[in-house]
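Undergrad: I'd like to ask you about the structure that follows.
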Amino acid sequence: MKQNLTAIVSAMLLLVCGALVFLSQASQHRQALSAGMAAKAIAVELAGLTSVALTDGQTDQALASLLSDSLARADQQTDRYRLVLRDGKRLVHSNWPEEIAGGQSGRPLKISEKPLYDLILSVPTEGVSLTMTPEGARAAAPVIVDGQRVGVVEIVKPLGPTGPPLIALWQWGLLGLVTVVACALAVRLQALGPWISLVLPLAAGLALGQLAQAGLAGDAPVLISQMNQELNILGEAVRAVAANQGLLMAGSPPPFKPELMSAVMDAAGLGHSMLLTGVLGALLGAFIGFGAANASWKAIAENPTAYAYVAPALIGMLLLAFFPFFYGVVLSFTDTTLLNQGASWADRWVGFANYASILIDFNFGGGGNAFNYQNFYWTLGVTIVWTISNVVLGVSIGLAMALLLNIKGLRGVAIYRTLLILPWAIPNYITALTWKGMFHPQFGAINQAIQAFGGQPVQWFDNVVPSFMTGLATNAWLSFPFMMVVALGALQAVDEDMYEAARIDGASPWQQFWYITLPSLRPALLPAIIVSVVWTFNMFNVIYLVSAGQPSGANEILVTRAYRIAFEEYRYGYAAAYSVVIFLILLVYGVFQIRATSATEANNK
Amino acid sequence: MADPADHGGSPTRRSILATGIGLSGMTWLGACSRTNARHRAELVVWHAYRGREKAALEKVAALYSARQAGRVRPVRCVGVPNDAFADKISAAVPRGKGPDLFIFSHDRLGGWVETGNTVAPIDFFLGPAERAAFLPGMLDATTYRGITYALPLNFKSAALIYNRDRIKAPPETTAEMVDLATGLTDKARGRFGFAYAYDDYFFHAGLANGFGGGAFDEQGELILNHPANIAASNLVRRWRSELGLLPDDPANSLVTALFNEKRAAMVMSGPWFLAEAAKDIDVGVAVLPQISEAGGRPIRPWMTVEAIYLAAGTQDEYEAWQFASFLAGPEAALILALDGGQLPASSAAYGDPRLAGNSVISAFKAQGALAVPMPNQPEMTLVWSPADRAMKRFTKMETSAQAAWDDCQKEVQVAIQSLRASQAGGRA
């Protein structure tokens, strides 16, 4: 009973707190938005007036009075404004009393006023720049003479009142009532309690979202018509002032349209946010209501030391492994690139578009064009062939070496073993660069050896297959020592008596190998092969350094391709999606392998 | 005039979902950056120098700090590993965790400007007298879309580096160079008159620029398959395949090895090559020859300019600027040149007899006057890899230069479009 009540109350508390945050965000946002829209319109009007006046050759003094007269007529003097010109780095006029005392004309900018000058450089030629600051919405519009940005008019508009609440008091009251009824129901019907704590927050989140959306939609036209009224007054004031000076301002300011507000406010987004809070509340309610919270708490309370010991590693994993991983997954649903990193997540969100363009890419070229080696399926094919051939080669050489080293009475085993482990001990990028040098068509050791035996030199990197061989040879060299060490260890553990018994039964050496050696090696070799597949699948260094995917990127594997997308094409979101696809492929392989091997283990028992 | 739809333009277009979820994080980050923005006791400069360049920079910083003691904050130089430097700036500076100034080459400038909040414009401080103090063309490198963002410190470009024992007078035209090289080349025995990494687009660009081509035109349009670029590519094909003058698969390490083993008499490389050249070779440096096939126009290699940037959001831009202009001025430039081995971008520094009398420095300076700053727009990074692939395709006679560059142009254009689409907020 207590559990049910706790579940419902905490779920609803979470929902209400979340909803309050979102609602206050939304009304602040609406307030900032209307101030910003108004500030932009005023800045555009005044900059237009200044442009016309400057083209006409008016003096600074005249410019200053044009601007202050316009604002006085429109009764907009609560806004602060400034006019800055690039030529001579001048502050021509300002109604900020601390900047220019009343009646005084312009002056050169001070060093501390560099941001005002930079504004001229950063404001777009077509349009307005807008930033939100604690003082209010700051809009800057360019002053244009002969197509050049010669200055800027900046308007700082303080934020207006918040406007009516999006969800009325009686609606909140109704929500409270429903919650009380639900609590009573949960107390009476114990079995229903957990389900109520799951459903109620969901329903409440949905309802609050709908109400808030309706509130937004209802208020928008009122707000817009109020803003349009002010804009009209300003437009008329500016034109009247211009006409007094014999200047002609074309047209009138374009009115704000109601759909502008709704388009920008993203009411649906608010609804989704509310629903999301509802889902979170439902999860919390279910977690407590169905007893999971209680069980977890009991587990921690019973073994506090164990959890205390695990905690540092757990936190480390969260920060170093899971956070980057989930960040990458989230990134893969965006079109983040070098150029839009600063934009909000919502603006970059593209859903599954990256995955679609990776997986639905069936453009293989041909038909007059060169073969499209950048295609995902070609690269996947190369990666699979690369992985299989490498593992087969690595295991066979490693096993052969291990069998040779395992010969009884062999002299200098320690020396051979050390020498054979060396390729593994040397950093693999050094080995890779060495092999790259050895494959040089004229000066490389391999072609010189071929020529010494009377062969023709091979242009290793000019064709797909020879170029693939360069990577294969290098990676085989790098990978066999690991397999050799694993196999050697397992071989030394095989009981000598089994071979003796086999010989007595008349088994041939081949039969001994097939029926005794290989089965004994399996428990040791299988895990080694599994990790080796994963390593080879992602063997970046060898591909990148030896063949670099030559010719024309035909020998690229998935990871090197992902690297090029991220750091040569700067498409971070697309590269993240590519990496997630690689991860999923390896995940499927891993699950499949673990099933297969645990089946064999069961057979051995 | 602004479009009506612009009243609710993109800066405020932010869904409430995102704002709401990001709210707590933002407040937290905001609080962090506010505490970080308190007045630091030192002016921090990030750089990736090591060895004697680092020592020279620290000497300049100490000199400046001592001279300005009490008036401005002292300068502290912080070394950052070179390979992580650009990413560190891109990540730290927009979040208010960066230095006050940093030293970096000019080629990343466009990307930082487009990302925003990384580098501060300096036109406000930069008067005509300061502009005139640099060698011609240097400020072009640090200017993006008409706005200057950094002060040039030094430059590097490829030049003709030769073995004085075997080349008495460096060739002045490519025709002379081919004659000279033909006499010295015995490809079967691995001996060459002239070697360079000709299938590397960085080195090839000198020829392409000389013919009047390049990667982008003045409007910033991609022109990889421009006829001038095709002509330049055909010249390399002639040298390599028809005349057999150049080695196969020429990596930079191979070029160095050939020169040091006295198997190559002339190479095209930059000042960094001098440190790798064998000590027993009498090395000469000359301006790259004029292209006989392009009516005697000079080879115009790409130049990278290292510059000092003001990080966006630094607390006191004027104080940062004062150190930047000191560092780029003639006195500091001379210290960086003499102690650090740099080629100064300041023209007054060359008035010193120790620089003016040095034949290697004079040759690189003369080459610098003919060089073109490497394009600094972010699209340039998209060019490298496809251009290198195209170079390999036509130098190995797999296809014609025209076909290779046509394919490359198409490929890079697609990449540029997808990069730009993201910026425009366009959805795929």
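By order of appearance in the structure tokens: chains A, B, ..., then residues from 1 within every chain, and ligands from 1 in the order shown.
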Please provide the set of residues having any atom within 10 Å of region 416-421 of chain A, restricted to only C-alpha atoms, with same-chain residues fewer than 2 positions apart removed, written as a list of chain:residue names.
TA: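 Selected residues are A:Gly398, A:Met401, A:Ala402, A:Leu405, A:Arg411, A:Gly412, A:Val413, A:Ala414, A:Pro423, A:Trp424, A:Ala425, A:Ile426, A:Trp477, A:Leu478, A:Ser479, A:Phe480, A:Pro481, A:Phe482, A:Met484, A:Val485, A:Leu488.
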Undergrad: When you draw a straight line from CA of Ala207 (chain A) to CA of Ser344 (chain A), how long is it in Å?
TA: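 Pair CA of Ala207 (chain A) / CA of Ser344 (chain A) returns 27.2 Å.
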Undergrad: Enter the distance from CA of Leu66 (chain A) to CA of Ile224 (chain A), in Å, rounded to one decimal.
TA: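 Rounded to one decimal, the two atoms are 27.6 Å apart.
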Undergrad: With 7 Å as the cut-off and only C-alpha atoms counted, what is the closest atom pair between each nearby residue of chain A and chain B? Distances in Å to one decimal, ordered by chain and number, as CSV.
TA:
residue,atom,partner,partner_atom,distance
A:Phe22,CA,B:Gly20,CA,5.7
A:Gln25,CA,B:Gly20,CA,6.7
A:Ala26,CA,B:Ile16,CA,6.5
A:Leu33,CA,B:Thr12,CA,6.8
A:Met37,CA,B:His7,CA,5.2
A:Lys40,CA,B:His7,CA,6.5
A:Ala41,CA,B:His7,CA,6.8
A:Ile111,CA,B:Tyr318,CA,6.9
A:Lys114,CA,B:Phe124,CA,6.6
A:Tyr117,CA,B:Phe124,CA,6.7
A:Asp118,CA,B:Pro121,CA,6.9
A:Glu126,CA,B:Ala2,CA,6.2
A:Gly127,CA,B:Ala2,CA,4.8
A:Leu130,CA,B:Pro11,CA,6.7
A:Pro254,CA,B:Pro4,CA,5.7
A:Leu260,CA,B:Gly8,CA,6.7
A:Val264,CA,B:Arg13,CA,5.5
A:Asp266,CA,B:Ser15,CA,5.8
A:Gly269,CA,B:Leu17,CA,5.4
A:Leu270,CA,B:Ile16,CA,5.5
A:His272,CA,B:Leu17,CA,6.9
A:Ser273,CA,B:Leu17,CA,5.0
A:Asp335,CA,B:Ser422,CA,6.1
A:Thr336,CA,B:Ser422,CA,6.9
A:Thr337,CA,B:Leu419,CA,6.5
A:Leu338,CA,B:Thr115,CA,6.7
A:Leu339,CA,B:Thr115,CA,5.0
A:Asn340,CA,B:Gln423,CA,5.1
A:Gln341,CA,B:Thr115,CA,6.7
A:Gly342,CA,B:Thr115,CA,6.6
A:Ser344,CA,B:Arg14,CA,6.8
A:Trp345,CA,B:Ala18,CA,6.6
A:Ala346,CA,B:Ala18,CA,6.0
A:Asp347,CA,B:Gly425,CA,6.6
A:Val350,CA,B:Arg427,CA,6.5
A:Ala353,CA,B:Ala428,CA,6.6
A:His440,CA,B:Asp249,CA,6.9
A:Pro441,CA,B:Asp248,CA,6.8
A:Gln442,CA,B:Asp248,CA,6.8
A:Ser552,CA,B:Arg389,CA,5.7
A:Glu568,CA,B:Leu382,CA,5.8
A:Glu569,CA,B:Leu382,CA,5.2
A:Arg571,CA,B:Leu419,CA,6.8
Undergrad: Keeping only N, CA and C atoms, write the selected residues as a short mmCIF file (atom, residue, chain, number, x, y, z; two decimals), in the first residue's frame.
TA:
data_model
loop_
_atom_site.label_atom_id
_atom_site.label_comp_id
_atom_site.auth_asym_id
_atom_site.auth_seq_id
_atom_site.Cartn_x
_atom_site.Cartn_y
_atom_site.Cartn_z
N PHE A 22 9.52 23.15 -18.33
CA PHE A 22 9.26 23.34 -19.77
C PHE A 22 8.34 24.53 -20.01
N GLN A 25 10.19 27.71 -19.54
CA GLN A 25 11.05 27.84 -20.72
C GLN A 25 10.26 28.41 -21.88
N ALA A 26 9.08 27.80 -22.09
CA ALA A 26 8.30 28.18 -23.26
C ALA A 26 7.85 29.63 -23.16
N LEU A 33 11.29 35.84 -27.96
CA LEU A 33 11.04 35.79 -29.39
C LEU A 33 10.33 37.05 -29.87
N MET A 37 11.86 39.66 -32.44
CA MET A 37 11.24 39.99 -33.72
C MET A 37 11.05 41.49 -33.85
N LYS A 40 14.42 43.29 -34.33
CA LYS A 40 14.94 43.12 -35.68
C LYS A 40 14.24 44.06 -36.65
N ALA A 41 12.91 44.14 -36.51
CA ALA A 41 12.15 45.00 -37.43
C ALA A 41 12.58 46.46 -37.25
N ILE A 111 38.71 51.73 -27.44
CA ILE A 111 39.24 50.37 -27.60
C ILE A 111 38.28 49.35 -26.99
N LYS A 114 35.39 47.75 -29.24
CA LYS A 114 35.70 46.93 -30.41
C LYS A 114 34.53 46.03 -30.82
N TYR A 117 32.39 47.50 -33.43
CA TYR A 117 32.98 47.51 -34.77
C TYR A 117 32.90 46.11 -35.39
N ASP A 118 33.17 45.10 -34.56
CA ASP A 118 33.12 43.72 -35.07
C ASP A 118 31.72 43.35 -35.53
N GLU A 126 22.52 40.66 -46.16
CA GLU A 126 21.07 40.53 -46.32
C GLU A 126 20.53 39.99 -45.01
N GLY A 127 19.87 40.85 -44.22
CA GLY A 127 19.27 40.32 -43.00
C GLY A 127 19.77 41.02 -41.76
N LEU A 130 20.90 38.65 -34.47
CA LEU A 130 20.15 38.79 -33.22
C LEU A 130 20.83 37.96 -32.15
N PRO A 254 7.32 45.12 -43.70
CA PRO A 254 6.48 43.94 -43.90
C PRO A 254 5.90 43.50 -42.56
N LEU A 260 4.19 32.86 -38.37
CA LEU A 260 5.60 33.03 -38.04
C LEU A 260 5.85 32.57 -36.61
N VAL A 264 7.93 29.26 -35.36
CA VAL A 264 9.16 29.38 -34.60
C VAL A 264 9.00 28.79 -33.21
N ASP A 266 7.37 26.23 -32.26
CA ASP A 266 7.42 24.78 -32.26
C ASP A 266 6.56 24.20 -31.13
N GLY A 269 6.90 20.65 -30.42
CA GLY A 269 8.08 20.34 -29.60
C GLY A 269 7.73 20.38 -28.12
N LEU A 270 6.93 21.40 -27.75
CA LEU A 270 6.52 21.52 -26.34
C LEU A 270 5.69 20.31 -25.95
N HIS A 272 5.81 17.33 -27.26
CA HIS A 272 6.71 16.17 -27.14
C HIS A 272 7.46 16.21 -25.82
N SER A 273 7.91 17.40 -25.43
CA SER A 273 8.67 17.51 -24.19
C SER A 273 7.81 17.07 -23.02
N ASP A 335 23.03 15.63 -38.58
CA ASP A 335 23.90 15.87 -39.72
C ASP A 335 25.03 16.81 -39.30
N THR A 336 25.58 16.59 -38.11
CA THR A 336 26.66 17.43 -37.61
C THR A 336 27.86 17.40 -38.55
N THR A 337 28.37 18.57 -38.88
CA THR A 337 29.60 18.67 -39.65
C THR A 337 30.45 19.75 -39.01
N LEU A 338 31.60 19.99 -39.58
CA LEU A 338 32.47 21.04 -39.08
C LEU A 338 31.73 22.37 -38.98
N LEU A 339 30.87 22.64 -39.95
CA LEU A 339 30.30 23.97 -40.07
C LEU A 339 29.09 24.22 -39.19
N ASN A 340 28.41 23.18 -38.71
CA ASN A 340 27.22 23.46 -37.91
C ASN A 340 27.31 22.88 -36.50
N GLN A 341 28.55 22.66 -36.03
CA GLN A 341 28.72 22.10 -34.69
C GLN A 341 28.05 22.94 -33.62
N GLY A 342 27.99 24.26 -33.85
CA GLY A 342 27.46 25.15 -32.83
C GLY A 342 25.94 25.17 -32.78
N SER A 344 21.93 24.02 -32.49
CA SER A 344 21.31 23.21 -31.45
C SER A 344 21.06 21.80 -31.98
N TRP A 345 20.89 20.86 -31.07
CA TRP A 345 20.66 19.46 -31.46
C TRP A 345 19.43 19.37 -32.35
N ALA A 346 18.40 20.13 -31.99
CA ALA A 346 17.14 20.02 -32.75
C ALA A 346 17.37 20.42 -34.20
N ASP A 347 18.19 21.45 -34.42
CA ASP A 347 18.43 21.89 -35.80
C ASP A 347 19.24 20.88 -36.59
N VAL A 350 18.39 14.60 -37.81
CA VAL A 350 17.89 14.12 -39.09
C VAL A 350 17.30 12.73 -38.99
N ALA A 353 18.24 9.40 -41.36
CA ALA A 353 18.67 9.73 -42.72
C ALA A 353 20.09 9.24 -43.02
N HIS A 440 57.82 -0.78 -52.32
CA HIS A 440 58.05 0.26 -53.34
C HIS A 440 58.43 -0.41 -54.66
N PRO A 441 57.83 0.05 -55.79
CA PRO A 441 58.05 -0.65 -57.06
C PRO A 441 59.52 -0.70 -57.49
N GLN A 442 60.27 0.35 -57.21
CA GLN A 442 61.66 0.31 -57.68
C GLN A 442 62.66 0.03 -56.57
N SER A 552 42.46 4.11 -55.71
CA SER A 552 41.18 4.84 -55.68
C SER A 552 40.28 4.43 -54.53
N GLU A 568 38.40 13.86 -43.06
CA GLU A 568 38.76 14.47 -44.34
C GLU A 568 37.57 15.16 -44.96
N GLU A 569 36.35 14.64 -44.69
CA GLU A 569 35.16 15.31 -45.22
C GLU A 569 34.43 16.09 -44.14
N ARG A 571 32.31 15.24 -41.96
CA ARG A 571 30.89 14.94 -41.73
C ARG A 571 30.79 14.06 -40.51
#
Undergrad: Would you mind writing down, as a ChimeraX atom specification, each residue of region 90-210 of chain B that DSSP on the backbone assigns to strand (DSSP E or B)?
TA: /B:101-105,119,134,143-144,147-148,150-157,159-163,173,186,191-195
Undergrad: Please save N, CA and C atoms of the selected residues as a short mmCIF file (atom, residue, chain, number, x, y, z; two decimals), in the first residue's frame.
TA:
data_model
loop_
_atom_site.label_atom_id
_atom_site.label_comp_id
_atom_site.auth_asym_id
_atom_site.auth_seq_id
_atom_site.Cartn_x
_atom_site.Cartn_y
_atom_site.Cartn_z
N LEU B 101 45.52 33.76 -26.71
CA LEU B 101 46.04 33.79 -28.09
C LEU B 101 46.54 32.41 -28.44
N PHE B 102 46.64 32.13 -29.72
CA PHE B 102 47.29 30.88 -30.12
C PHE B 102 47.99 31.04 -31.45
N ILE B 103 48.99 30.20 -31.66
CA ILE B 103 49.79 30.27 -32.89
C ILE B 103 49.44 29.05 -33.74
N PHE B 104 48.99 29.28 -34.98
CA PHE B 104 48.62 28.14 -35.82
C PHE B 104 48.79 28.58 -37.27
N SER B 105 48.88 27.60 -38.18
CA SER B 105 49.02 27.97 -39.58
C SER B 105 47.67 28.47 -40.10
N VAL B 119 37.78 32.48 -33.42
CA VAL B 119 38.82 33.49 -33.63
C VAL B 119 38.17 34.87 -33.70
N PHE B 134 54.10 43.97 -43.29
CA PHE B 134 54.30 42.57 -43.66
C PHE B 134 54.71 42.44 -45.12
N THR B 143 43.33 36.35 -44.09
CA THR B 143 42.08 37.07 -44.33
C THR B 143 41.07 36.11 -44.92
N TYR B 144 39.87 36.08 -44.35
CA TYR B 144 38.83 35.20 -44.86
C TYR B 144 37.59 36.04 -45.15
N ILE B 147 37.78 39.78 -44.12
CA ILE B 147 38.04 40.17 -42.74
C ILE B 147 39.32 39.49 -42.28
N THR B 148 40.20 40.27 -41.63
CA THR B 148 41.49 39.73 -41.20
C THR B 148 41.38 39.22 -39.77
N ALA B 150 44.23 37.26 -38.15
CA ALA B 150 45.45 36.88 -37.45
C ALA B 150 46.64 37.64 -38.04
N LEU B 151 47.69 37.76 -37.24
CA LEU B 151 48.91 38.43 -37.73
C LEU B 151 49.92 37.38 -38.16
N PRO B 152 50.41 37.46 -39.40
CA PRO B 152 51.36 36.46 -39.89
C PRO B 152 52.68 36.54 -39.12
N LEU B 153 53.25 35.38 -38.81
CA LEU B 153 54.54 35.36 -38.13
C LEU B 153 55.63 34.90 -39.08
N ASN B 154 55.39 33.79 -39.78
CA ASN B 154 56.42 33.25 -40.67
C ASN B 154 55.75 32.44 -41.76
N PHE B 155 56.51 32.06 -42.76
CA PHE B 155 55.90 31.31 -43.86
C PHE B 155 56.83 30.21 -44.31
N LYS B 156 56.25 29.22 -44.96
CA LYS B 156 57.04 28.11 -45.51
C LYS B 156 56.49 27.81 -46.88
N SER B 157 57.37 27.61 -47.84
CA SER B 157 56.91 27.13 -49.14
C SER B 157 58.02 26.28 -49.74
N ALA B 159 60.78 25.09 -52.45
CA ALA B 159 61.68 25.77 -53.38
C ALA B 159 62.52 24.69 -54.04
N LEU B 160 63.44 25.11 -54.88
CA LEU B 160 64.32 24.13 -55.52
C LEU B 160 65.54 23.93 -54.63
N ILE B 161 65.73 22.71 -54.16
CA ILE B 161 66.88 22.41 -53.30
C ILE B 161 67.79 21.49 -54.09
N TYR B 162 69.09 21.84 -54.16
CA TYR B 162 69.95 21.06 -55.06
C TYR B 162 71.31 20.80 -54.43
N ASN B 163 71.98 19.84 -55.01
CA ASN B 163 73.31 19.43 -54.58
C ASN B 163 74.33 20.26 -55.37
N THR B 173 64.61 27.77 -66.16
CA THR B 173 63.34 27.42 -66.80
C THR B 173 63.18 25.90 -66.73
N ASP B 186 69.47 8.11 -64.77
CA ASP B 186 69.63 6.73 -65.25
C ASP B 186 68.65 5.92 -64.43
N ARG B 191 69.07 6.50 -60.56
CA ARG B 191 69.66 7.85 -60.45
C ARG B 191 68.80 8.85 -61.19
N PHE B 192 68.60 9.99 -60.55
CA PHE B 192 67.68 10.98 -61.11
C PHE B 192 68.29 12.38 -61.04
N GLY B 193 67.94 13.19 -62.04
CA GLY B 193 68.36 14.59 -62.00
C GLY B 193 67.45 15.37 -61.07
N PHE B 194 66.17 15.02 -61.09
CA PHE B 194 65.18 15.81 -60.38
C PHE B 194 64.15 14.87 -59.78
N ALA B 195 63.85 15.05 -58.50
CA ALA B 195 62.86 14.19 -57.85
C ALA B 195 61.99 15.04 -56.93
#
Undergrad: Counting only C-alpha atoms, figure out which residue out of A:Ser225, A:Thr277, A:Ser65, A:Thr133 gets nearest to Leu23 (chain A).
TA: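 Answer, going by the shortest atom-to-atom distance: A:Thr277.
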Undergrad: Please provide as a list of chain:residue names all residues within 6 Å of region 347-354 of chain B, with the sequence filter that same-chain residues fewer than 6 positions apart are discarded (counting only C-alpha atoms).
TA: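 The contact residues come out as B:Ala133, B:Phe134, B:Leu135, B:Pro330, B:Leu334.
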Undergrad: Nearest residue to Asp217 (chain B) out of B:Arg300, B:Trp405, B:Ala265, B:Asn229, using only C-alpha atoms?
TA: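 Checking each of B:Arg300, B:Trp405, B:Ala265, B:Asn229 against Asp217 (chain B), counting only C-alpha atoms, the winner is B:Asn229.
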Undergrad: Using CA of Gln3 (chain A) and CA of Ala308 (chain A) as the two end points, give the distance in Å to one decimal.
TA: 26.7 Å
Undergrad: As a count of residues only, please: every residue in region 32-256 of chain B that a backbone DSSP assignment puts in helix (DSSP H, G or I).
TA: 100
Undergrad: Hey, which of B:Leu109, B:Ala92, B:Val178, B:Leu57 ends up closest to Gly313 (chain B)? Count only C-alpha atoms.
TA: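 Closest to Gly313 (chain B) of all the choices is B:Ala92.
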